[in-house]
>>> print(open('input-v1.cif').read())   # mmCIF, C-alpha atoms
data_start
loop_
_atom_site.label_atom_id
_atom_site.label_comp_id
_atom_site.auth_asym_id
_atom_site.auth_seq_id
_atom_site.Cartn_x
_atom_site.Cartn_y
_atom_site.Cartn_z
CA MET A 1 11.58 5.68 13.13
CA LYS A 2 9.24 8.35 14.43
CA SER A 3 8.16 8.17 18.02
CA ILE A 4 4.40 7.86 18.12
CA LYS A 5 2.58 8.34 21.42
CA THR A 6 0.44 5.29 22.05
CA ASP A 7 -1.71 4.07 24.91
CA PRO A 8 -0.49 0.62 26.01
CA ILE A 9 -3.86 -0.35 27.52
CA LYS A 10 -5.65 0.37 24.23
CA THR A 11 -3.03 -1.61 22.34
CA VAL A 12 -3.47 -4.61 24.64
CA LEU A 13 -7.25 -4.34 24.35
CA THR A 14 -7.01 -4.18 20.55
CA ILE A 15 -4.75 -7.24 20.41
CA THR A 16 -7.07 -9.12 22.76
CA VAL A 17 -10.18 -8.29 20.75
CA GLY A 18 -8.35 -9.14 17.52
CA PHE A 19 -7.44 -12.60 18.81
CA LEU A 20 -11.03 -13.12 19.98
CA VAL A 21 -12.48 -12.14 16.60
CA ILE A 22 -10.12 -14.49 14.78
CA TYR A 23 -11.04 -17.22 17.30
CA VAL A 24 -14.74 -16.77 16.53
CA PHE A 25 -14.13 -17.45 12.83
CA THR A 26 -11.47 -20.17 13.08
CA GLU A 27 -12.20 -21.77 16.49
CA TYR A 28 -8.52 -22.44 17.20
CA GLN A 29 -8.22 -22.84 20.97
CA TRP A 30 -4.76 -21.29 21.18
CA LEU A 31 -6.20 -17.96 19.96
CA LEU A 32 -8.62 -17.91 22.89
CA TYR A 33 -5.87 -18.71 25.38
CA THR A 34 -3.50 -16.14 23.88
CA SER A 35 -6.24 -13.53 24.02
CA LEU A 36 -6.94 -14.25 27.68
CA ILE A 37 -3.26 -14.27 28.65
CA VAL A 38 -2.46 -11.01 26.83
CA GLY A 39 -5.58 -9.32 28.17
CA ILE A 40 -5.12 -10.36 31.80
CA LEU A 41 -1.37 -9.64 31.88
CA GLY A 42 -1.91 -6.26 30.21
CA LEU A 43 -4.56 -5.26 32.72
CA LEU A 44 -2.68 -6.49 35.80
CA SER A 45 0.70 -4.95 35.01
CA SER A 46 1.27 -1.63 33.26
CA ARG A 47 4.90 -2.65 32.68
CA ILE A 48 3.82 -5.74 30.72
CA ALA A 49 1.31 -3.59 28.81
CA LYS A 50 4.14 -1.25 27.82
CA VAL A 51 6.29 -4.18 26.70
CA VAL A 52 3.42 -5.61 24.63
CA ASP A 53 2.79 -2.14 23.16
CA TYR A 54 6.50 -1.74 22.32
CA LEU A 55 6.71 -5.16 20.66
CA TRP A 56 3.47 -4.55 18.74
CA MET A 57 4.74 -1.20 17.42
CA LYS A 58 8.06 -2.78 16.39
CA LEU A 59 6.18 -5.55 14.56
CA SER A 60 3.97 -3.01 12.79
CA TYR A 61 7.05 -0.99 11.78
CA ILE A 62 8.77 -4.06 10.32
CA LEU A 63 5.60 -5.06 8.46
CA SER A 64 5.26 -1.51 7.11
CA LEU A 65 8.65 -1.93 5.47
CA ILE A 66 7.88 -5.32 3.93
CA VAL A 67 4.20 -5.52 2.99
CA PRO A 68 3.89 -2.46 0.68
CA ASN A 69 6.84 -3.64 -1.39
CA ILE A 70 5.34 -7.09 -1.76
CA LEU A 71 1.91 -5.71 -2.68
CA LEU A 72 3.30 -3.26 -5.21
CA THR A 73 5.44 -5.98 -6.79
CA ILE A 74 2.45 -8.32 -7.08
CA ILE A 75 0.25 -5.58 -8.56
CA PHE A 76 2.94 -4.65 -11.05
CA TYR A 77 3.76 -8.16 -12.29
CA VAL A 78 0.24 -9.58 -12.16
CA PHE A 79 -1.74 -6.64 -13.55
CA LEU A 80 0.28 -3.76 -15.00
CA PHE A 81 3.03 -5.64 -16.83
CA PRO A 82 0.69 -8.07 -18.67
CA ILE A 83 -1.66 -5.24 -19.65
CA SER A 84 1.29 -3.27 -20.98
CA MET A 85 2.59 -6.22 -22.98
CA LEU A 86 -0.84 -6.97 -24.43
CA SER A 87 -1.27 -3.34 -25.35
CA LYS A 88 2.07 -3.27 -27.14
CA LEU A 89 1.38 -6.53 -28.94
CA PHE A 90 -2.06 -5.65 -30.23
CA SER A 91 -1.67 -1.93 -30.82
CA LYS A 92 -0.62 -0.75 -34.26
CA LYS A 93 -0.19 2.84 -33.19
CA ASP A 94 3.08 4.40 -32.18
CA PRO A 95 1.90 6.85 -29.53
CA MET A 96 5.32 8.33 -28.83
CA ASP A 97 6.52 8.32 -32.46
CA LEU A 98 9.48 6.13 -31.60
CA LYS A 99 9.68 4.34 -34.95
CA ASN A 100 10.74 7.48 -36.83
CA SER A 101 8.87 6.58 -39.99
CA LYS A 102 8.62 10.17 -41.27
CA GLN A 103 11.12 12.50 -42.86
CA SER A 104 10.75 15.04 -40.08
CA LEU A 105 9.63 14.88 -36.50
CA PHE A 106 8.02 18.30 -36.65
CA LYS A 107 4.25 18.33 -36.62
CA ASP A 108 2.31 20.80 -38.69
CA VAL A 109 -0.37 22.56 -36.70
CA ASP A 110 -2.91 24.58 -38.63
CA LYS A 111 -4.33 26.76 -35.94
CA GLN A 112 -5.05 30.44 -35.93
CA PHE A 113 -3.87 32.08 -32.75
CA VAL A 114 -5.79 35.01 -31.37
CA PRO A 115 -4.59 37.32 -28.59
CA GLU A 116 -7.09 35.76 -26.11
CA SER A 117 -5.38 32.38 -26.40
CA PHE A 118 -2.33 33.83 -24.60
CA ASP A 119 -4.28 35.22 -21.63
CA ASN A 120 -4.34 32.00 -19.59
CA PRO A 121 -1.83 29.57 -21.04
CA TRP A 122 -2.47 27.06 -18.31
#
>>> encode(input="input-v1.cif", output="structure tokens")
Amino acid sequence: MKSIKTDPIKTVLTITVGFLVIYVFTEYQWLLYTSLIVGILGLLSSRIAKVVDYLWMKLSYILSLIVPNILLTIIFYVFLFPISMLSKLFSKKDPMDLKNSKQSLFKDVDKQFVPESFDNPW
């Protein structure tokens, strides 16, 4: 894990404001009390603010390992996989020529090449 320089006071303030915002929408009393306790302890003691900052960064690191995998799995199985299956079921084309229905896999290209076509191949 990389060491990121953080400001413990800002972290405590962010957590406090976050709890207050959630309290405004849900009106759960424990959110208000938690916000007050974290805010007051973080302002009174820099050691407690550092501990809160350390725990918050550890929690964010653990969540960064879990949440993207869950989101990508949900997106894949809910959106991409069904679209792929529907496309394969209802499509009559063989875009990669996997069915090998021809005598040869070579494709005839009737194109006249001029020297200028080799100037910038990309």
>>> atom_distance(input="input-v1.cif", atom1="CA of Pro8 (chain A)", atom2="CA of Ala49 (chain A)")
5.4 Å
>>> atom_distance(input="input-v1.cif", atom1="CA of Ser117 (chain A)", atom2="CA of Leu105 (chain A)")
25.2 Å
>>> atom_distance(input="input-v1.cif", atom1="CA of Tyr61 (chain A)", atom2="CA of Thr11 (chain A)")
14.6 Å
>>> resolve_selection(input="input-v1.cif", expression="the PyMOL selection byres ((chain A and resi 35) around 9)", output="MDAnalysis selection string")
chainID A and resid 15:20 30:34 36:40
>>> closest_residue(input="input-v1.cif", among="A:Lys93, A:Asp7, A:Gln103, A:Asn120", to="Lys50 (chain A)", atoms="only C-alpha atoms")
A:Asp7
>>> resolve_selection(input="input-v1.cif", expression="the PyMOL selection byres ((chain A and resi 54) around 12)", output="list in words")
Ser3, Ile4, Lys5, Thr6, Asp7, Pro8, Ile9, Thr11, Val12, Arg47, Ile48, Ala49, Lys50, Val51, Val52, Asp53, Leu55, Trp56, Met57, Lys58, Leu59, Ser60 and Tyr61 of chain A
